[in-house]
file entry_7.tsv (TSV, C-alpha atoms and all ligand atoms)
chain	number	residue	atom	x	y	z
A	6	MET	CA	-0.26	23.73	-19.41
A	7	GLU	CA	-0.70	27.42	-18.50
A	8	LEU	CA	-3.48	26.78	-16.06
A	9	LEU	CA	-1.49	23.93	-14.64
A	10	SER	CA	1.68	25.90	-13.99
A	11	ARG	CA	-0.38	28.49	-12.11
A	12	LYS	CA	-1.99	25.76	-10.07
A	13	THR	CA	1.21	23.87	-9.37
A	14	GLU	CA	3.20	26.80	-7.90
A	15	PRO	CA	4.03	25.05	-4.59
A	16	VAL	CA	2.26	26.29	-1.48
A	17	GLY	CA	4.40	26.32	1.69
A	18	ASP	CA	3.76	25.70	5.38
A	19	GLY	CA	3.10	29.41	6.02
A	20	SER	CA	-0.18	29.09	4.13
A	21	PHE	CA	-1.61	26.35	6.32
A	22	GLU	CA	-2.70	25.88	9.91
A	23	LYS	CA	-4.11	23.01	11.98
A	24	LEU	CA	-2.22	20.30	10.08
A	25	LYS	CA	-3.45	16.90	11.25
A	26	LEU	CA	-2.56	13.44	9.95
A	27	VAL	CA	-5.62	11.72	8.45
A	28	GLY	CA	-4.08	8.45	7.33
A	29	SER	CA	-1.44	6.86	5.15
A	30	GLY	CA	-1.34	4.48	2.23
A	31	GLY	CA	1.11	2.85	-0.12
A	32	PHE	CA	2.32	6.10	-1.67
A	33	GLY	CA	2.23	8.61	1.12
A	34	ARG	CA	0.60	10.28	4.11
A	35	VAL	CA	-2.50	12.46	3.96
A	36	TYR	CA	-2.97	15.50	6.20
A	37	LYS	CA	-5.97	17.68	6.78
A	38	ALA	CA	-5.09	21.38	6.97
A	39	ARG	CA	-6.82	24.74	6.82
A	40	HIS	CA	-5.60	27.18	4.21
A	41	LYS	CA	-5.23	30.53	5.99
A	42	ASP	CA	-6.25	32.70	3.02
A	43	TRP	CA	-8.76	30.42	1.39
A	44	CYS	CA	-10.37	29.74	4.83
A	45	PHE	CA	-11.37	26.18	4.05
A	46	ASP	CA	-9.93	22.75	4.75
A	47	VAL	CA	-7.76	20.93	2.24
A	48	ALA	CA	-6.07	17.54	2.11
A	49	ILE	CA	-2.30	17.48	1.62
A	50	LYS	CA	-0.89	14.24	0.28
A	51	ILE	CA	2.84	13.91	0.97
A	52	LEU	CA	4.60	11.22	-0.99
A	53	HIS	CA	6.71	8.66	0.87
A	54	ASP	CA	10.49	9.03	0.67
A	55	GLY	CA	11.80	7.18	-2.37
A	56	VAL	CA	8.66	7.65	-4.41
A	57	ASN	CA	10.38	9.31	-7.28
A	58	MET	CA	7.85	10.86	-9.56
A	59	SER	CA	7.14	14.14	-11.22
A	60	LEU	CA	4.56	15.93	-9.13
A	61	CYS	CA	3.95	18.23	-12.02
A	62	ASP	CA	3.14	15.25	-14.18
A	63	GLU	CA	0.79	13.94	-11.53
A	64	ALA	CA	-0.82	17.34	-11.12
A	65	TYR	CA	-1.20	17.57	-14.90
A	66	HIS	CA	-3.12	14.31	-14.96
A	67	MET	CA	-5.29	15.36	-12.03
A	68	ASP	CA	-6.00	18.63	-13.79
A	69	LYS	CA	-6.79	16.86	-17.04
A	70	GLY	CA	-9.01	14.44	-15.15
A	71	SER	CA	-10.90	17.20	-13.42
A	72	CYS	CA	-14.68	16.81	-13.28
A	73	ASN	CA	-17.42	16.60	-10.63
A	74	PHE	CA	-16.63	12.98	-9.96
A	75	VAL	CA	-12.89	13.32	-9.46
A	76	VAL	CA	-11.22	14.84	-6.38
A	77	VAL	CA	-10.31	18.47	-7.11
A	78	LEU	CA	-6.63	19.42	-7.23
A	79	HIS	CA	-5.90	22.84	-5.70
A	80	GLY	CA	-2.14	22.85	-6.25
A	81	THR	CA	1.13	21.44	-4.98
A	82	TYR	CA	2.82	21.65	-1.57
A	83	GLN	CA	6.40	21.97	-0.45
A	84	GLY	CA	7.19	22.10	3.25
A	85	CYS	CA	7.84	20.28	6.51
A	86	PRO	CA	4.74	18.75	8.10
A	87	PRO	CA	4.81	18.09	11.89
A	88	GLY	CA	7.57	15.72	12.95
A	89	VAL	CA	9.43	16.00	9.63
A	90	THR	CA	12.72	17.89	9.35
A	91	SER	CA	13.47	17.86	5.62
A	92	PRO	CA	11.21	19.54	3.03
A	93	GLN	CA	8.62	17.27	1.44
A	94	GLN	CA	6.53	17.58	-1.70
A	95	GLY	CA	2.87	16.90	-1.96
A	96	LEU	CA	-0.44	17.56	-3.64
A	97	VAL	CA	-3.02	19.95	-2.19
A	98	MET	CA	-6.46	18.53	-2.81
A	99	GLU	CA	-10.07	19.04	-1.93
A	100	PHE	CA	-10.72	17.68	1.56
A	101	MET	CA	-13.30	14.91	1.40
A	102	ALA	CA	-14.97	15.15	4.78
A	103	ARG	CA	-16.59	11.72	4.84
A	104	GLY	CA	-13.45	9.74	4.03
A	105	SER	CA	-13.70	6.84	1.61
A	106	VAL	CA	-16.29	4.26	0.58
A	107	GLN	CA	-14.04	1.77	2.36
A	108	SER	CA	-14.40	3.59	5.67
A	109	LEU	CA	-18.14	4.06	5.06
A	110	LEU	CA	-18.66	0.31	4.64
A	111	GLU	CA	-16.55	-0.38	7.71
A	112	HIS	CA	-18.51	2.10	9.81
A	113	LEU	CA	-21.84	0.73	8.70
A	114	SER	CA	-20.68	-2.90	8.91
A	115	GLY	CA	-22.60	-3.48	5.72
A	116	PRO	CA	-23.96	-1.73	2.65
A	117	PRO	CA	-25.55	1.72	2.82
A	118	GLN	CA	-29.21	2.32	1.98
A	119	TRP	CA	-30.07	1.05	-1.50
A	120	PRO	CA	-30.57	4.48	-3.17
A	121	LEU	CA	-27.06	5.42	-2.03
A	122	VAL	CA	-25.63	2.16	-3.38
A	123	CYS	CA	-27.21	3.03	-6.74
A	124	ARG	CA	-25.82	6.58	-6.65
A	125	LEU	CA	-22.32	5.41	-5.73
A	126	ALA	CA	-22.40	2.87	-8.57
A	127	HIS	CA	-23.46	5.62	-10.97
A	128	GLN	CA	-21.05	8.31	-9.77
A	129	VAL	CA	-18.05	5.98	-9.91
A	130	ALA	CA	-19.04	4.98	-13.45
A	131	LEU	CA	-19.37	8.68	-14.38
A	132	GLY	CA	-15.91	9.47	-13.00
A	133	MET	CA	-14.30	6.47	-14.66
A	134	ASN	CA	-15.99	7.17	-17.98
A	135	PHE	CA	-14.64	10.72	-17.84
A	136	LEU	CA	-11.09	9.55	-16.99
A	137	HIS	CA	-11.15	7.03	-19.84
A	138	SER	CA	-12.43	9.71	-22.20
A	139	GLN	CA	-9.32	11.72	-21.25
A	140	THR	CA	-7.19	8.61	-21.94
A	141	ILE	CA	-6.37	8.32	-18.25
A	142	MET	CA	-6.44	4.88	-16.69
A	143	HIS	CA	-6.96	4.56	-12.97
A	144	GLN	CA	-5.41	1.15	-12.30
A	145	ASP	CA	-6.20	1.22	-8.59
A	146	LEU	CA	-9.97	1.55	-8.44
A	147	LYS	CA	-11.16	0.23	-5.08
A	148	PRO	CA	-13.36	1.48	-2.20
A	149	SER	CA	-10.51	3.29	-0.42
A	150	ASN	CA	-9.89	5.35	-3.55
A	151	VAL	CA	-13.49	6.50	-3.88
A	152	LEU	CA	-13.78	9.46	-1.51
A	153	LEU	CA	-16.95	11.03	-0.14
A	154	ASN	CA	-17.84	14.66	0.50
A	155	ASP	CA	-20.21	16.01	3.18
A	156	ASP	CA	-23.25	14.81	1.24
A	157	LEU	CA	-21.73	11.42	0.47
A	158	ASN	CA	-21.20	12.29	-3.18
A	159	ALA	CA	-18.37	10.19	-4.61
A	160	ARG	CA	-15.16	11.42	-6.21
A	161	LEU	CA	-12.29	9.33	-7.52
A	162	ALA	CA	-8.79	9.69	-6.09
A	163	ASP	CA	-5.32	8.24	-6.61
A	164	PHE	CA	-5.73	7.64	-10.31
A	165	GLY	CA	-2.39	9.00	-11.40
A	166	LEU	CA	-0.07	7.48	-8.86
A	167	SER	CA	-0.53	3.96	-10.10
A	168	ARG	CA	0.75	4.80	-13.57
A	169	VAL	CA	4.22	5.81	-12.45
A	170	SER	CA	6.86	3.18	-12.74
A	171	THR	CA	10.24	3.51	-11.10
A	172	SER	CA	12.01	0.90	-9.03
A	173	ALA	CA	11.48	2.94	-5.87
A	174	LEU	CA	7.82	3.32	-6.60
A	175	ASN	CA	7.47	-0.32	-7.50
A	176	SER	CA	8.53	-1.39	-4.03
A	177	ASN	CA	6.06	1.08	-2.54
A	178	ARG	CA	3.51	-0.01	-5.08
A	179	GLU	CA	3.97	-3.65	-4.10
A	180	LYS	CA	3.55	-2.66	-0.48
A	181	SER	CA	0.40	-0.75	-1.41
A	182	VAL	CA	-0.94	-3.66	-3.41
A	183	MET	CA	-0.44	-5.91	-0.39
A	184	ILE	CA	-1.51	-3.52	2.39
A	185	GLY	CA	-4.35	-1.80	0.60
A	186	GLY	CA	-5.68	-5.03	-0.91
A	187	SER	CA	-5.41	-3.66	-4.45
A	188	TYR	CA	-4.69	-7.17	-5.75
A	189	LYS	CA	-8.29	-8.14	-4.98
A	190	TYR	CA	-9.42	-5.61	-7.58
A	191	MET	CA	-6.87	-6.66	-10.22
A	192	PRO	CA	-8.13	-8.58	-13.29
A	193	PRO	CA	-6.82	-12.10	-13.94
A	194	GLU	CA	-4.65	-10.99	-16.87
A	195	ALA	CA	-2.84	-8.45	-14.67
A	196	PHE	CA	-1.23	-11.23	-12.65
A	197	GLU	CA	0.87	-12.11	-15.72
A	198	VAL	CA	4.39	-10.64	-15.58
A	199	SER	CA	4.29	-9.22	-19.11
A	200	TYR	CA	0.88	-7.55	-18.65
A	201	LYS	CA	0.47	-4.03	-20.04
A	202	PRO	CA	-2.55	-2.22	-18.54
A	203	VAL	CA	-5.51	-1.34	-20.76
A	204	ARG	CA	-8.93	0.12	-19.96
A	205	ALA	CA	-10.42	-3.32	-19.34
A	206	PHE	CA	-8.28	-3.42	-16.16
A	207	ASP	CA	-10.38	-0.62	-14.62
A	208	ILE	CA	-13.65	-2.18	-15.76
A	209	TYR	CA	-12.83	-5.41	-13.94
A	210	SER	CA	-11.97	-3.39	-10.80
A	211	TYR	CA	-15.32	-1.64	-11.14
A	212	GLY	CA	-17.07	-5.03	-11.17
A	213	ILE	CA	-15.42	-6.01	-7.87
A	214	LEU	CA	-16.15	-2.55	-6.45
A	215	LEU	CA	-19.83	-2.99	-7.39
A	216	TRP	CA	-19.84	-6.24	-5.43
A	217	SER	CA	-18.27	-4.45	-2.45
A	218	ILE	CA	-20.83	-1.67	-2.32
A	219	ILE	CA	-23.79	-4.01	-2.94
A	220	THR	CA	-22.77	-6.41	-0.16
A	221	GLY	CA	-20.94	-3.92	2.05
A	222	LYS	CA	-18.12	-6.43	2.37
A	223	GLU	CA	-14.48	-6.77	1.53
A	224	PRO	CA	-13.89	-9.40	-1.16
A	225	TYR	CA	-12.08	-12.59	-0.07
A	226	PRO	CA	-11.26	-11.26	3.43
A	227	SER	CA	-8.95	-14.10	4.35
A	228	ALA	CA	-7.27	-14.61	0.96
A	229	ASP	CA	-3.68	-13.46	0.58
A	230	TYR	CA	-2.03	-12.34	-2.65
A	231	ASP	CA	-0.86	-15.85	-3.57
A	232	LEU	CA	-4.33	-17.37	-3.24
A	233	VAL	CA	-5.96	-14.59	-5.26
A	234	ASN	CA	-3.20	-14.88	-7.86
A	235	LEU	CA	-3.95	-18.61	-8.11
A	236	LYS	CA	-7.74	-18.58	-8.05
A	237	ILE	CA	-8.83	-15.47	-9.95
A	238	PRO	CA	-7.25	-16.53	-13.24
A	239	GLN	CA	-9.08	-19.87	-12.78
A	240	GLY	CA	-12.40	-17.99	-12.82
A	241	ASP	CA	-13.17	-17.61	-9.10
A	242	ARG	CA	-14.96	-14.41	-8.09
A	243	PRO	CA	-16.46	-12.97	-4.88
A	244	CYS	CA	-19.33	-14.95	-3.41
A	245	CYS	CA	-22.82	-13.80	-4.44
A	246	LYS	CA	-24.76	-15.71	-1.78
A	247	GLY	CA	-25.51	-12.66	0.37
A	248	ILE	CA	-26.81	-10.78	-2.66
A	249	ASP	CA	-29.77	-13.17	-3.02
A	250	LEU	CA	-31.09	-11.82	0.25
A	251	MET	CA	-31.85	-8.43	-1.25
A	252	ARG	CA	-33.02	-9.44	-4.68
A	253	GLU	CA	-36.35	-7.65	-4.29
A	254	ARG	CA	-34.56	-4.31	-4.53
A	255	GLU	CA	-35.39	-2.58	-7.78
A	256	GLY	CA	-32.41	-2.47	-10.08
A	257	LEU	CA	-30.41	-5.08	-8.14
A	258	LYS	CA	-30.66	-7.65	-10.92
A	259	GLU	CA	-29.38	-5.10	-13.45
A	260	LEU	CA	-26.45	-4.11	-11.22
A	261	VAL	CA	-25.53	-7.76	-10.54
A	262	ASP	CA	-25.69	-8.51	-14.25
A	263	LEU	CA	-23.43	-5.50	-14.93
A	264	MET	CA	-21.04	-6.57	-12.15
A	265	GLU	CA	-20.68	-10.04	-13.70
A	266	ARG	CA	-20.09	-8.63	-17.17
A	267	CYS	CA	-17.46	-6.26	-15.78
A	268	TRP	CA	-15.50	-9.04	-14.06
A	269	ASP	CA	-15.62	-11.37	-17.08
A	270	GLY	CA	-12.37	-13.31	-17.43
A	271	SER	CA	-12.09	-12.13	-21.02
A	272	PRO	CA	-11.13	-8.42	-21.19
A	273	SER	CA	-12.81	-7.95	-24.57
A	274	LYS	CA	-16.19	-9.05	-23.15
A	275	ARG	CA	-16.22	-6.39	-20.44
A	276	PRO	CA	-18.46	-3.40	-21.29
A	277	PRO	CA	-16.90	0.06	-21.69
A	278	PHE	CA	-17.80	2.59	-18.98
A	279	LYS	CA	-20.15	4.28	-21.45
A	280	GLY	CA	-22.12	1.04	-21.49
A	281	CYS	CA	-21.96	0.75	-17.68
A	282	LEU	CA	-23.41	4.25	-17.43
A	283	GLU	CA	-26.51	3.30	-19.38
A	284	VAL	CA	-27.27	0.70	-16.72
A	285	THR	CA	-26.32	2.75	-13.65
A	286	GLU	CA	-28.15	5.86	-14.85
A	287	ASN	CA	-31.32	3.87	-15.41
A	288	VAL	CA	-31.06	2.12	-12.03
A	289	PHE	CA	-30.26	5.32	-10.13
A	290	SER	CA	-33.13	7.19	-11.81
A	291	LYS	CA	-35.53	4.74	-10.14
A	292	HIS	CA	-34.19	5.71	-6.72
A	293	GLU	CA	-33.37	9.36	-7.15
A	294	ASN	CA	-36.42	10.38	-5.11
A	295	GLY	CA	-35.17	8.35	-2.18
A	296	ILE	CA	-31.60	9.65	-2.16
A	297	HIS	CA	-32.22	12.56	0.22
A	298	ASP	CA	-33.66	10.31	2.92
A	299	ALA	CA	-31.04	7.63	2.31
A	300	VAL	CA	-28.18	10.11	2.74
A	301	GLY	CA	-29.83	11.54	5.85
A	302	GLN	CA	-30.19	8.08	7.39
A	303	VAL	CA	-26.60	7.11	6.61
A	304	LEU	CA	-25.27	10.38	8.05
A	305	THR	CA	-27.32	9.82	11.20
A	306	ARG	CA	-25.81	6.37	11.56
A	307	LEU	CA	-22.31	7.67	10.88
A	308	ASN	CA	-22.74	10.34	13.53
A	309	SER	CA	-24.06	7.88	16.07
A	310	PRO	CA	-21.47	6.52	18.54
A	311	THR	CA	-22.59	2.91	17.87
A	312	SER	CA	-22.30	3.21	14.09
A	313	ASN	CA	-19.60	0.62	13.71
A	314	GLN	CA	-21.50	-2.17	15.46
A	315	SER	CA	-22.52	-5.08	13.28
A	316	ASN	CA	-26.10	-4.79	12.07
A	317	THR	CA	-26.10	-7.12	9.15
A	318	SER	CA	-27.08	-10.63	8.33
A	319	VAL	CA	-25.04	-10.72	5.14
A	320	ALA	CA	-23.42	-14.06	4.47
A	321	SER	CA	-20.40	-14.14	6.71
A	322	SER	CA	-18.70	-16.52	4.28
A	323	VAL	CA	-17.91	-13.94	1.64
A	324	LEU	CA	-15.01	-15.91	0.30
A	325	LEU	CA	-13.58	-17.10	-2.94
A	326	GLN	CA	-15.93	-19.34	-4.82
A	327	THR	CA	-16.04	-21.02	-8.19
A	328	PRO	CA	-17.69	-19.32	-11.19
A	329	GLU	CA	-20.65	-21.74	-10.87
A	330	GLN	CA	-21.21	-20.92	-7.20
A	331	SER	CA	-20.99	-17.20	-7.83
A	332	LYS	CA	-24.22	-17.16	-9.87
A	333	PRO	CA	-27.03	-15.46	-7.90
A	334	ASN	CA	-29.55	-17.98	-6.59
A	335	ASP	CA	-33.00	-16.92	-7.73
A	336	THR	CA	-34.80	-19.40	-5.51
A	337	VAL	CA	-33.64	-18.04	-2.17
A	338	ASP	CA	-35.43	-15.17	-0.47
A	339	ASN	CA	-34.38	-14.52	3.07
A	340	GLY	CA	-35.38	-10.87	3.24
A	341	PRO	CA	-33.23	-7.78	2.97
A	342	LEU	CA	-29.54	-7.96	3.60
A	343	THR	CA	-29.44	-5.13	6.09
A	344	GLN	CA	-31.58	-2.60	7.87
B	1	LIG	P1	-3.51	2.97	-1.13
B	1	LIG	O1	-2.29	3.77	-1.10
B	1	LIG	O2	-3.28	1.52	-1.08
B	1	LIG	O3	-4.40	3.36	-2.27
B	1	LIG	P2	-5.22	4.48	0.61
B	1	LIG	O4	-6.09	4.85	-0.54
B	1	LIG	O5	-5.92	4.18	1.92
B	1	LIG	O6	-4.31	3.24	0.24
B	1	LIG	P3	-4.20	7.17	0.70
B	1	LIG	O7	-4.82	7.56	-0.60
B	1	LIG	O8	-2.81	7.63	0.96
B	1	LIG	O9	-4.16	5.62	0.90
B	1	LIG	O10	-5.16	7.70	1.84
B	1	LIG	C1	-4.83	7.61	3.20
B	1	LIG	C2	-6.04	8.04	4.01
B	1	LIG	O11	-6.32	9.41	3.73
B	1	LIG	C3	-7.32	7.27	3.71
B	1	LIG	O12	-8.00	7.07	4.93
B	1	LIG	C4	-8.11	8.20	2.83
B	1	LIG	O13	-9.51	8.02	3.00
B	1	LIG	C5	-7.67	9.58	3.32
B	1	LIG	N1	-7.69	10.56	2.23
B	1	LIG	C6	-7.00	10.52	1.07
B	1	LIG	N2	-7.25	11.59	0.31
B	1	LIG	C7	-8.13	12.35	1.02
B	1	LIG	C8	-8.82	13.59	0.75
B	1	LIG	N3	-8.64	14.27	-0.38
B	1	LIG	N4	-9.67	14.05	1.69
B	1	LIG	C9	-9.87	13.39	2.86
B	1	LIG	N5	-9.27	12.22	3.15
B	1	LIG	C10	-8.42	11.69	2.25

call {"tool": "encode", "arguments": {"input": "entry_7.tsv", "output": "structure tokens"}}
result
Amino acid sequence: MELLSRKTEPVGDGSFEKLKLVGSGGFGRVYKARHKDWCFDVAIKILHDGVNMSLCDEAYHMDKGSCNFVVVLHGTYQGCPPGVTSPQQGLVMEFMARGSVQSLLEHLSGPPQWPLVCRLAHQVALGMNFLHSQTIMHQDLKPSNVLLNDDLNARLADFGLSRVSTSALNSNREKSVMIGGSYKYMPPEAFEVSYKPVRAFDIYSYGILLWSIITGKEPYPSADYDLVNLKIPQGDRPCCKGIDLMREREGLKELVDLMERCWDGSPSKRPPFKGCLEVTENVFSKHENGIHDAVGQVLTRLNSPTSNQSNTSVASSVLLQTPEQSKPNDTVDNGPLTQ
């Protein structure tokens, strides 16, 4: 805890300049700011009013969960951001210049180049395996909580906030679950009132996240909480039709097989992240040579003013479907999904 107490000495407004709101989620608002002494940009996450949690506890978990694949915690914040009159508390974190995987998929209107898909799958598995090895559960693994640095390397965020349980947080949490679509990444067993989270929760979320990065789509775009709550425990999963279109990609079959094992209805049948890593490491190793070009191409598209125009032929009907329908169709070959 010594290192932690040094790190969590709150930093005040005097240390920052150029504070700018980046976005907000279920738990708080995120600002970009430049630290005057450190001379680099940071992200400051201010918790919403009523979110009653120990920042020190949160910082402790972020510190404990610190590795290359987890967003770096620089310290804590106490101050009044623009437009706010009373002092607020927050976390000072590494600024992830390329936003989240969610925003990447939205900008590209589809999946990124295949080598990058493979690297994202691998880096998320590395981060999650590390968190689980530190006995930290994420419980809100989804594309908006996988952040990207300048080179599109992935780091996990928001893994501590979901553990905290107070009535105030629960109402914010519910809001977050609804607004941020977290319920689409929740395993069937988690819809039961008496559910107590275990690691298999995160592994299911990883399976849905794999589907999202492979297809570049949001799962069940038109399904509300009630429909997902009804259908997922019955065995429905995201539609795999669009995935058939890219089946010639090396390693796709392995990733789809992993995805289906991760979202198995039975928690005990889902592989641990250590097992996921064996697959993702092997798949990524086949595409490591292509990662430089893939990142370059994605960055070029992101920097282009037309980057958010639709360029994909992925099945537009990416909706709920039955377990039978969700099996990849080996007889269809309609060419690559995108690009
Ligand atoms: P939810 O609360 O449902 O998880 P969310 O993940 O979008 O939703 P936040 O984590 O509060 O909510 O993030 C709000 C916005 O700030 C998002 O656009 C996210 O990409 C961005 N963001 C969060 N942390 C950072 C960071 N360290 N660096 C850069 N941008 C960040």

call {"tool": "residues_near_ligand", "arguments": {"input": "entry_7.tsv", "ligand": "ligand LIG 1 (chain B)", "cutoff": "6 Å", "atoms": "all atoms listed in the file", "output": "list in words"}}
result
Val27, Gly28, Ser29, Gly30, Gly31, Phe32, Gly33, Arg34, Val35, Ala48, Met98, Glu99, Phe100, Met101, Ala102, Gly104, Ser105, Ser149, Asn150, Ser181 and Gly185 of chain A

call {"tool": "residues_around", "arguments": {"input": "entry_7.tsv", "residues": "A:Thr220", "least_positions_apart": "5", "cutoff": "7 Å", "atoms": "only C-alpha atoms", "output": "PyMOL selection string"}}
result
chain A and resi 115-116+247-248

call {"tool": "write_last_selection", "arguments": {"input": "entry_7.tsv", "atoms": "C-alpha atoms", "output": "short mmCIF file (atom, residue, chain, number, x, y, z; two decimals), in the frame of the given file"}}
result
data_model
loop_
_atom_site.label_atom_id
_atom_site.label_comp_id
_atom_site.auth_asym_id
_atom_site.auth_seq_id
_atom_site.Cartn_x
_atom_site.Cartn_y
_atom_site.Cartn_z
CA GLY A 115 -22.60 -3.48 5.72
CA PRO A 116 -23.96 -1.73 2.65
CA GLY A 247 -25.51 -12.66 0.37
CA ILE A 248 -26.81 -10.78 -2.66
#

call {"tool": "atom_distance", "arguments": {"input": "entry_7.tsv", "atom1": "atom CA of A:Glu265", "atom2": "atom CA of A:Asp229"}}
result
22.5 Å

call {"tool": "atom_distance", "arguments": {"input": "entry_7.tsv", "atom1": "atom CA of A:Leu96", "atom2": "atom CA of A:Asn308"}}
result
29.1 Å

call {"tool": "closest_residue", "arguments": {"input": "entry_7.tsv", "among": "A:Pro87, A:Gly132, A:Pro15, A:Gly80", "to": "A:Phe278", "atoms": "only C-alpha atoms"}}
result
A:Gly132
